[in-house]
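> Please find run-v9.cif (mmCIF, C-alpha atoms) on the next line:
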data_target
#
loop_
_atom_site.label_atom_id
_atom_site.label_comp_id
_atom_site.auth_asym_id
_atom_site.auth_seq_id
_atom_site.Cartn_x
_atom_site.Cartn_y
_atom_site.Cartn_z
CA MET A 270 0.00 0.00 0.00
CA GLN A 271 1.10 3.55 -0.72
CA LYS A 272 2.13 5.54 2.33
CA LYS A 273 -0.27 8.17 3.59
CA HIS A 274 1.13 11.68 3.79
CA VAL A 275 0.52 13.83 6.87
CA LEU A 276 1.58 17.43 7.40
CA ILE A 277 2.14 18.59 11.00
CA THR A 278 2.82 22.20 11.98
CA GLY A 279 4.80 23.02 15.12
CA ALA A 280 6.58 19.66 15.11
CA SER A 281 9.75 20.71 16.94
CA SER A 282 8.34 19.95 20.41
CA GLY A 283 5.31 18.97 22.47
CA PHE A 284 2.24 17.46 20.85
CA GLY A 285 3.59 18.07 17.35
CA MET A 286 6.87 16.23 17.82
CA LEU A 287 5.30 13.30 19.68
CA THR A 288 2.54 12.94 17.09
CA ALA A 289 5.13 12.99 14.30
CA LEU A 290 6.98 10.11 15.97
CA HIS A 291 3.81 8.10 16.62
CA LEU A 292 2.66 8.44 13.01
CA ALA A 293 6.11 7.65 11.64
CA LYS A 294 5.97 4.39 13.60
CA LYS A 295 2.66 3.67 11.86
CA ASP A 296 4.49 4.05 8.52
CA TYR A 297 3.03 7.41 7.53
CA HIS A 298 5.17 9.85 5.59
CA VAL A 299 5.33 12.71 8.08
CA ILE A 300 6.07 16.22 6.85
CA ALA A 301 7.23 17.74 10.14
CA THR A 302 7.21 21.51 9.82
CA MET A 303 8.71 23.98 12.27
CA ARG A 304 9.47 27.70 12.34
CA ASN A 305 13.03 27.22 13.57
CA ILE A 306 14.66 24.45 11.55
CA HIS A 307 17.56 24.32 14.03
CA LYS A 308 15.17 22.71 16.54
CA LYS A 309 14.85 19.57 14.41
CA ASN A 310 17.61 17.65 16.22
CA GLU A 311 15.52 16.19 19.05
CA LEU A 312 12.85 14.97 16.63
CA LEU A 313 15.37 13.37 14.28
CA THR A 314 17.41 11.84 17.12
CA ARG A 315 14.31 10.21 18.56
CA ALA A 316 13.18 9.10 15.10
CA LYS A 317 16.56 7.49 14.47
CA LYS A 318 16.38 5.71 17.81
CA ASP A 319 12.97 4.34 16.81
CA GLN A 320 14.31 3.49 13.32
CA VAL A 321 11.68 5.62 11.59
CA GLU A 322 13.80 8.55 10.39
CA LYS A 323 13.12 7.52 6.77
CA ASN A 324 9.44 8.32 7.34
CA ILE A 325 10.04 11.94 8.40
CA THR A 326 10.72 14.94 6.19
CA VAL A 327 11.53 18.16 8.04
CA HIS A 328 10.34 21.34 6.36
CA ARG A 329 10.76 24.92 7.56
CA LEU A 330 7.45 26.73 7.98
CA ASP A 331 6.52 29.98 9.66
CA VAL A 332 2.73 30.08 9.46
CA THR A 333 2.76 33.89 9.69
CA SER A 334 5.21 34.44 6.82
CA ASN A 335 3.94 34.71 3.23
CA PRO A 336 7.29 33.64 1.68
CA SER A 337 7.35 30.60 3.98
CA LEU A 338 3.77 29.72 3.06
CA GLU A 339 4.68 30.03 -0.63
CA GLU A 340 7.51 27.55 -0.05
CA LEU A 341 5.00 25.13 1.48
CA GLN A 342 2.78 25.56 -1.58
CA THR A 343 5.73 24.74 -3.85
CA TYR A 344 6.61 21.68 -1.78
CA LEU A 345 3.06 20.30 -1.85
CA ASN A 346 2.78 21.00 -5.59
CA LYS A 347 5.83 18.77 -6.11
CA LEU A 348 4.54 16.11 -3.71
CA GLY A 349 1.14 16.25 -5.40
CA THR A 350 -0.85 14.67 -2.59
CA LEU A 351 -1.79 14.96 1.07
CA ASP A 352 -4.02 12.84 3.30
CA ILE A 353 -4.00 14.55 6.69
CA LEU A 354 -3.26 18.02 8.04
CA ILE A 355 -2.55 18.50 11.76
CA ASN A 356 -2.59 22.17 12.73
CA ASN A 357 -0.57 22.21 15.94
CA ALA A 358 1.59 25.36 15.72
CA GLY A 359 0.66 27.97 18.29
CA TYR A 360 1.66 29.77 21.45
CA ALA A 361 -0.01 31.25 24.52
CA ASP A 362 0.02 34.92 25.45
CA GLY A 363 -1.70 36.42 28.43
CA GLY A 364 -1.94 39.19 30.95
CA PHE A 365 -4.85 41.31 32.08
CA PHE A 366 -6.64 43.05 29.23
CA GLU A 367 -5.85 46.55 30.47
CA ASP A 368 -2.13 45.74 30.34
CA VAL A 369 -2.08 43.93 26.96
CA SER A 370 -1.70 45.93 23.76
CA ILE A 371 -3.97 45.35 20.79
CA GLU A 372 -0.81 44.57 18.81
CA GLN A 373 -0.18 41.62 21.13
CA TYR A 374 -3.72 40.37 20.47
CA LYS A 375 -3.14 40.68 16.73
CA LYS A 376 0.14 38.76 17.00
CA GLN A 377 -1.62 35.99 18.96
CA PHE A 378 -4.31 35.69 16.30
CA GLU A 379 -1.76 35.79 13.44
CA THR A 380 -0.29 32.48 14.63
CA ASN A 381 -3.16 30.68 16.35
CA VAL A 382 -5.91 31.60 13.88
CA PHE A 383 -4.86 33.28 10.63
CA GLY A 384 -1.65 31.25 10.26
CA LEU A 385 -3.63 28.05 10.79
CA MET A 386 -6.17 29.18 8.19
CA ALA A 387 -3.42 30.00 5.69
CA VAL A 388 -1.86 26.52 6.01
CA THR A 389 -5.29 24.89 5.74
CA GLN A 390 -6.11 26.85 2.58
CA ILE A 391 -2.89 25.59 0.98
CA ALA A 392 -3.33 21.98 2.07
CA LEU A 393 -7.06 21.59 1.51
CA PRO A 394 -7.14 21.19 -2.31
CA PHE A 395 -4.72 18.26 -2.10
CA ILE A 396 -6.86 16.52 0.54
CA ARG A 397 -10.13 17.29 -1.23
CA LYS A 398 -8.90 15.74 -4.48
CA LYS A 399 -8.68 12.39 -2.70
CA LYS A 400 -12.32 12.69 -1.53
CA SER A 401 -11.19 11.59 1.92
CA GLY A 402 -8.83 12.66 4.64
CA LYS A 403 -8.66 14.62 7.87
CA ILE A 404 -7.89 18.10 9.15
CA ILE A 405 -7.10 18.02 12.86
CA ASN A 406 -6.92 21.35 14.68
CA ILE A 407 -5.26 21.45 18.09
CA SER A 408 -7.43 23.70 20.21
CA SER A 409 -7.62 23.77 24.01
CA ILE A 410 -10.08 23.69 26.85
CA SER A 411 -9.45 27.46 26.63
CA GLY A 412 -11.47 27.37 23.40
CA LEU A 413 -14.55 26.51 25.45
CA ILE A 414 -13.89 28.20 28.79
CA GLY A 415 -12.61 31.69 29.51
CA PHE A 416 -9.88 32.14 32.13
CA PRO A 417 -8.80 35.42 33.73
CA GLY A 418 -5.37 36.68 32.73
CA LEU A 419 -5.22 34.65 29.52
CA SER A 420 -7.65 36.46 27.23
CA PRO A 421 -5.35 36.71 24.15
CA TYR A 422 -4.90 32.93 24.12
CA VAL A 423 -8.50 32.20 25.12
CA ALA A 424 -9.90 34.52 22.44
CA SER A 425 -7.75 32.91 19.73
CA LYS A 426 -8.87 29.41 20.71
CA HIS A 427 -12.55 30.44 20.83
CA ALA A 428 -12.12 31.79 17.30
CA LEU A 429 -10.52 28.51 16.23
CA GLU A 430 -13.48 26.55 17.63
CA GLY A 431 -16.03 28.53 15.59
CA TYR A 432 -13.95 28.36 12.43
CA THR A 433 -13.51 24.60 12.79
CA GLU A 434 -17.22 23.99 13.30
CA SER A 435 -17.98 25.80 10.04
CA LEU A 436 -15.15 24.05 8.19
CA ARG A 437 -16.37 20.61 9.26
CA LEU A 438 -19.83 21.33 7.86
CA GLU A 439 -18.32 22.61 4.61
CA LEU A 440 -16.04 19.61 4.07
CA LYS A 441 -18.08 16.67 5.35
CA PRO A 442 -19.84 16.24 1.95
CA PHE A 443 -16.38 15.81 0.39
CA GLY A 444 -15.49 12.92 2.70
CA ILE A 445 -13.15 15.01 4.85
CA ASP A 446 -13.34 14.84 8.64
CA VAL A 447 -12.47 18.06 10.48
CA ILE A 448 -11.62 17.48 14.14
CA LEU A 449 -10.91 19.53 17.26
CA ILE A 450 -8.53 18.27 19.95
CA GLU A 451 -9.13 20.14 23.23
CA PRO A 452 -6.39 19.38 25.77
CA GLY A 453 -6.34 20.60 29.34
CA SER A 454 -3.00 21.32 31.04
CA TYR A 455 -0.16 19.18 29.71
CA GLU A 456 3.58 19.19 30.25
CA THR A 457 4.54 21.00 27.06
CA ASN A 458 6.57 24.16 26.54
CA ILE A 459 3.41 26.25 26.33
CA TRP A 460 2.63 25.65 30.03
CA LYS A 461 6.06 24.93 31.49
CA ARG A 462 6.90 28.55 30.68
CA VAL A 463 3.61 30.05 31.87
CA ASP A 464 5.29 32.64 34.09
CA THR A 465 7.26 34.01 31.15
CA ILE A 466 4.51 34.09 28.53
CA VAL A 467 2.08 36.27 30.46
CA ASN A 468 2.48 40.04 30.68
CA TYR A 469 1.78 40.02 34.36
CA PRO A 470 2.13 43.16 36.49
CA GLN A 471 5.17 42.66 38.72
CA SER A 472 4.68 45.84 40.70
CA GLU A 473 2.56 45.46 43.81
CA ALA A 474 1.16 48.90 43.04
CA SER A 475 -0.76 47.43 40.11
CA PRO A 476 -4.45 46.72 40.82
CA TYR A 477 -3.98 43.36 39.09
CA HIS A 478 -0.79 42.22 40.82
CA HIS A 479 -2.31 40.01 43.54
CA TYR A 480 -4.92 38.65 41.13
CA MET A 481 -2.23 37.52 38.70
CA MET A 482 -0.15 36.03 41.51
CA ALA A 483 -3.18 33.94 42.50
CA ILE A 484 -3.63 32.76 38.91
CA LEU A 485 0.05 31.83 38.54
CA SER A 486 -0.03 30.02 41.86
CA GLU A 487 -3.06 27.98 40.74
CA LEU A 488 -1.47 27.17 37.38
CA ASN A 489 1.75 26.06 39.08
CA ARG A 490 -0.25 23.71 41.32
CA GLU A 491 -1.88 22.04 38.35
CA LYS A 492 -0.76 18.46 37.84
CA LEU A 493 0.25 18.44 34.20
CA GLY A 494 -0.66 15.49 32.00
CA ASP A 495 1.58 13.39 29.78
CA PRO A 496 1.53 14.87 26.24
CA ALA A 497 2.05 11.38 24.82
CA ASP A 498 -1.62 10.72 25.68
CA VAL A 499 -2.65 13.49 23.28
CA ALA A 500 -0.30 12.18 20.58
CA ARG A 501 -1.85 8.71 20.92
CA LEU A 502 -5.35 10.16 20.60
CA ILE A 503 -4.39 12.05 17.43
CA THR A 504 -2.74 8.95 15.98
CA ASN A 505 -5.81 6.82 16.71
CA LEU A 506 -8.03 9.36 14.95
CA CYS A 507 -5.71 9.38 11.93
CA GLU A 508 -6.05 5.61 11.74
CA LYS A 509 -9.85 5.68 11.68
CA LYS A 510 -11.61 5.51 8.33
CA SER A 511 -14.26 7.99 9.46
CA VAL A 512 -14.62 10.16 12.56
CA ARG A 513 -18.13 11.04 13.71
CA LYS A 514 -17.33 13.42 16.56
CA LEU A 515 -16.07 16.98 16.10
CA ARG A 516 -14.65 17.61 19.57
CA TYR A 517 -12.22 15.50 21.61
CA PRO A 518 -11.55 17.03 25.04
CA ILE A 519 -8.71 15.31 26.87
CA GLY A 520 -6.96 15.75 30.20
CA ARG A 521 -7.37 15.44 33.93
CA GLY A 522 -10.76 16.82 35.01
CA VAL A 523 -11.51 18.34 31.60
CA ASN A 524 -14.81 16.54 30.97
CA ALA A 525 -16.09 17.31 34.48
CA THR A 526 -15.16 20.98 34.10
CA LEU A 527 -16.91 21.24 30.73
CA PHE A 528 -20.00 19.53 32.15
CA LEU A 529 -20.19 22.01 35.02
CA LYS A 530 -19.64 25.00 32.74
CA LYS A 531 -22.47 23.86 30.48
CA TRP A 532 -25.10 23.08 33.07
CA ILE A 533 -24.68 25.34 36.11
CA PRO A 534 -25.74 29.02 36.12
CA TRP A 535 -23.06 31.55 35.23
CA SER A 536 -23.28 33.17 38.68
CA VAL A 537 -22.41 29.83 40.30
CA TRP A 538 -19.60 29.14 37.82
CA GLU A 539 -18.16 32.60 38.41
CA SER A 540 -18.22 32.11 42.17
CA ILE A 541 -16.41 28.77 41.87
CA VAL A 542 -13.64 30.24 39.71
CA LEU A 543 -13.11 33.28 41.92
CA LYS A 544 -13.21 31.18 45.08
CA LYS A 545 -10.58 28.85 43.65
CA LEU A 546 -8.38 31.87 43.04
CA ARG A 547 -9.38 33.25 46.45
CA MET A 548 -10.55 36.48 44.79
CA LYS A 549 -13.62 38.41 45.93
CA SER A 550 -16.06 40.01 43.50
CA ASP A 551 -17.03 43.61 44.18
CA SER A 552 -20.38 43.24 42.38
#
Represent the supplied structure as structure tokens.

Amino acid sequence: MQKKHVLITGASSGFGMLTALHLAKKDYHVIATMRNIHKKNELLTRAKKDQVEKNITVHRLDVTSNPSLEELQTYLNKLGTLDILINNAGYADGGFFEDVSIEQYKKQFETNVFGLMAVTQIALPFIRKKKSGKIINISSISGLIGFPGLSPYVASKHALEGYTESLRLELKPFGIDVILIEPGSYETNIWKRVDTIVNYPQSEASPYHHYMMAILSELNREKLGDPADVARLITNLCEKKSVRKLRYPIGRGVNATLFLKKWIPWSVWESIVLKKLRMKSDS
């Protein structure tokens, strides 16, 4: 049988790298893209150890750069085919809204939303021609639940959720499954560096200082999951002939949290969140 071709963005670490390795072991041809090509060494070292390096092609891709996107277009034109796209590239920005510039919001959306859309628009014709295939978008529980101090990231993931819903309905008649993966907190670079990715007010004179310290304290207490679990889920979905569900939440306590958010009144939900952060509402 001819190998299936899968394109993964953000494959230098975390979910992207682990998924690339899992799929390579399943004998897929993995096009592992990353913004910084110098970060390929860990992926290739692990692939060589698993004796699957022949199944991985590393390709430089900055999803926010038009020249880089044009290079991807050229590469796929030469390859001539694609079965699966996994949109994993992204980062988390945060801080309280009053302290975050609109430019920072735009930068967050350029990667997490518009960059993802640009890659999908390039890859989609190749998948559609086969009248089958999958587009898997890595979202987050933050795409369904708002958290204080993380609104740039939360807003970008909410936008991704709406876009993906529409895309699934557009592509289902063509035999293409569009899927959302919604992880909770996992031990990847995006959360291990949480104290450096938020624009938190360090001065105690700031009205938000103690609030942000409470949020960071709560995040640091979170027991992070094993990202290999997410990679296995993605791999299992790639192996399926057809996928009926749109959303796949995964992680410790994620399903219970989503259930509560859906069914309890907002006033109760708000009280729970603020109490967990030991913050009092003035309203």
> Report the distance between CA of Arg397 in chain A and CA of Lys323 in chain A in Å, rounded to one decimal place.
26.5 Å
> Do you have, as a tab-separated table, the list of residues of range 275-361 of chain A lying at most 10 Å from range 367-390 of chain A, each with its nearest atom pair and that distance in Å to one decimal, counting only C-alpha atoms and ordered by chain then number?

residue	atom	partner	partner_atom	distance
A:Leu276	CA	A:Val388	CA	9.8
A:Thr278	CA	A:Val388	CA	8.7
A:Leu330	CA	A:Val388	CA	9.5
A:Asp331	CA	A:Gly384	CA	8.3
A:Val332	CA	A:Gly384	CA	4.6
A:Thr333	CA	A:Gly384	CA	5.2
A:Ser334	CA	A:Gly384	CA	8.3
A:Asn335	CA	A:Ala387	CA	9.1
A:Leu338	CA	A:Val388	CA	7.1
A:Glu339	CA	A:Val388	CA	10.0
A:Leu341	CA	A:Val388	CA	8.3
A:Gln342	CA	A:Val388	CA	8.9
A:Leu354	CA	A:Thr389	CA	7.5
A:Ile355	CA	A:Thr389	CA	9.2
A:Asn356	CA	A:Leu385	CA	6.3
A:Asn357	CA	A:Leu385	CA	8.4
A:Ala358	CA	A:Asn381	CA	7.2
A:Gly359	CA	A:Asn381	CA	5.1
A:Tyr360	CA	A:Asn381	CA	7.1
A:Ala361	CA	A:Gln377	CA	7.5
> Kindly give the distance, in Å, that separates CA of Val275 in chain A and CA of Ile353 in chain A, rounded to a single decimal.
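Spanning CA of Val275 in chain A to CA of Ile353 in chain A is a straight-line distance of 4.6 Å.
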> Can you pull out the residues contacting range 496-506 of chain A? Cut-off 9 Å, using only C-alpha atoms, and skip same-chain residues under 4 positions away; I want them as a ChimeraX atom specification.
/A:283-292,295,355,403,405,448,450,452,455-457,510-512,517,519-520
> Could the residues in this selection be saved with C-alpha atoms as a PDB file, in the frame of the given file?

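The resulting file, again-v1.pdb, is shown below:
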ATOM      1  CA  GLY A 283       5.310  18.970  22.470  1.00  0.00           C
ATOM      2  CA  PHE A 284       2.240  17.460  20.850  1.00  0.00           C
ATOM      3  CA  GLY A 285       3.590  18.070  17.350  1.00  0.00           C
ATOM      4  CA  MET A 286       6.870  16.230  17.820  1.00  0.00           C
ATOM      5  CA  LEU A 287       5.300  13.300  19.680  1.00  0.00           C
ATOM      6  CA  THR A 288       2.540  12.940  17.090  1.00  0.00           C
ATOM      7  CA  ALA A 289       5.130  12.990  14.300  1.00  0.00           C
ATOM      8  CA  LEU A 290       6.980  10.110  15.970  1.00  0.00           C
ATOM      9  CA  HIS A 291       3.810   8.100  16.620  1.00  0.00           C
ATOM     10  CA  LEU A 292       2.660   8.440  13.010  1.00  0.00           C
ATOM     11  CA  LYS A 295       2.660   3.670  11.860  1.00  0.00           C
ATOM     12  CA  ILE A 355      -2.550  18.500  11.760  1.00  0.00           C
ATOM     13  CA  LYS A 403      -8.660  14.620   7.870  1.00  0.00           C
ATOM     14  CA  ILE A 405      -7.100  18.020  12.860  1.00  0.00           C
ATOM     15  CA  ILE A 448     -11.620  17.480  14.140  1.00  0.00           C
ATOM     16  CA  ILE A 450      -8.530  18.270  19.950  1.00  0.00           C
ATOM     17  CA  PRO A 452      -6.390  19.380  25.770  1.00  0.00           C
ATOM     18  CA  TYR A 455      -0.160  19.180  29.710  1.00  0.00           C
ATOM     19  CA  GLU A 456       3.580  19.190  30.250  1.00  0.00           C
ATOM     20  CA  THR A 457       4.540  21.000  27.060  1.00  0.00           C
ATOM     21  CA  LYS A 510     -11.610   5.510   8.330  1.00  0.00           C
ATOM     22  CA  SER A 511     -14.260   7.990   9.460  1.00  0.00           C
ATOM     23  CA  VAL A 512     -14.620  10.160  12.560  1.00  0.00           C
ATOM     24  CA  TYR A 517     -12.220  15.500  21.610  1.00  0.00           C
ATOM     25  CA  ILE A 519      -8.710  15.310  26.870  1.00  0.00           C
ATOM     26  CA  GLY A 520      -6.960  15.750  30.200  1.00  0.00           C
TER      27      GLY A 520
END
> What is the distance, in Å and to one decimal place, between CA of Gly453 in chain A and CA of Leu493 in chain A?
8.5 Å
> Just say which residues the PyMOL selection byres ((chain A and resi 398) around 12) picks in this file, as an MDAnalysis selection string.
chainID A and resid 349:352 392:397 399:402 440 443:445
> Mind dumping the selected residues with C-alpha atoms as a short mmCIF file (atom, residue, chain, number, x, y, z; two decimals), in the coordinates of the input?

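See out_25.cif below for the written result:
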data_model
loop_
_atom_site.label_atom_id
_atom_site.label_comp_id
_atom_site.auth_asym_id
_atom_site.auth_seq_id
_atom_site.Cartn_x
_atom_site.Cartn_y
_atom_site.Cartn_z
CA GLY A 349 1.14 16.25 -5.40
CA THR A 350 -0.85 14.67 -2.59
CA LEU A 351 -1.79 14.96 1.07
CA ASP A 352 -4.02 12.84 3.30
CA ALA A 392 -3.33 21.98 2.07
CA LEU A 393 -7.06 21.59 1.51
CA PRO A 394 -7.14 21.19 -2.31
CA PHE A 395 -4.72 18.26 -2.10
CA ILE A 396 -6.86 16.52 0.54
CA ARG A 397 -10.13 17.29 -1.23
CA LYS A 399 -8.68 12.39 -2.70
CA LYS A 400 -12.32 12.69 -1.53
CA SER A 401 -11.19 11.59 1.92
CA GLY A 402 -8.83 12.66 4.64
CA LEU A 440 -16.04 19.61 4.07
CA PHE A 443 -16.38 15.81 0.39
CA GLY A 444 -15.49 12.92 2.70
CA ILE A 445 -13.15 15.01 4.85
#
> Assuming the input is short of atoms at range 475-493 of chain A, produce N, CA and C atoms for that part as a CSV table (one decimal), in the coordinates of the input.

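Contents of the output file result18.csv:
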chain,number,residue,atom,x,y,z
A,475,SER,N,0.2,47.7,41.1
A,475,SER,CA,-0.8,47.4,40.1
A,475,SER,C,-2.0,46.9,40.7
A,476,PRO,N,-3.2,47.3,40.3
A,476,PRO,CA,-4.4,46.7,40.8
A,476,PRO,C,-4.6,45.2,40.5
A,477,TYR,N,-3.9,44.8,39.5
A,477,TYR,CA,-4.0,43.4,39.1
A,477,TYR,C,-2.9,42.5,39.7
A,478,HIS,N,-2.0,43.0,40.4
A,478,HIS,CA,-0.8,42.2,40.8
A,478,HIS,C,-1.2,41.0,41.6
A,479,HIS,N,-2.0,41.2,42.7
A,479,HIS,CA,-2.3,40.0,43.5
A,479,HIS,C,-3.2,39.0,42.8
A,480,TYR,N,-4.0,39.5,41.9
A,480,TYR,CA,-4.9,38.6,41.1
A,480,TYR,C,-4.1,37.7,40.2
A,481,MET,N,-3.1,38.3,39.6
A,481,MET,CA,-2.2,37.5,38.7
A,481,MET,C,-1.4,36.5,39.5
A,482,MET,N,-0.9,36.9,40.7
A,482,MET,CA,-0.2,36.0,41.5
A,482,MET,C,-1.0,34.8,41.9
A,483,ALA,N,-2.3,35.1,42.2
A,483,ALA,CA,-3.2,33.9,42.5
A,483,ALA,C,-3.4,33.0,41.3
A,484,ILE,N,-3.5,33.6,40.1
A,484,ILE,CA,-3.6,32.8,38.9
A,484,ILE,C,-2.4,31.9,38.7
A,485,LEU,N,-1.2,32.6,38.8
A,485,LEU,CA,0.0,31.8,38.5
A,485,LEU,C,0.2,30.7,39.6
A,486,SER,N,-0.1,31.0,40.8
A,486,SER,CA,0.0,30.0,41.9
A,486,SER,C,-0.9,28.8,41.6
A,487,GLU,N,-2.1,29.1,41.1
A,487,GLU,CA,-3.1,28.0,40.7
A,487,GLU,C,-2.5,27.2,39.6
A,488,LEU,N,-2.0,27.9,38.5
A,488,LEU,CA,-1.5,27.2,37.4
A,488,LEU,C,-0.3,26.3,37.8
A,489,ASN,N,0.6,26.8,38.7
A,489,ASN,CA,1.8,26.1,39.1
A,489,ASN,C,1.4,24.9,39.9
A,490,ARG,N,0.2,24.9,40.5
A,490,ARG,CA,-0.2,23.7,41.3
A,490,ARG,C,-0.9,22.6,40.5
A,491,GLU,N,-1.2,23.0,39.2
A,491,GLU,CA,-1.9,22.0,38.4
A,491,GLU,C,-1.0,20.8,38.1
A,492,LYS,N,-1.5,19.7,38.2
A,492,LYS,CA,-0.8,18.5,37.8
A,492,LYS,C,-0.9,18.3,36.3
A,493,LEU,N,0.3,18.5,35.7
A,493,LEU,CA,0.2,18.4,34.2
A,493,LEU,C,0.2,17.0,33.7
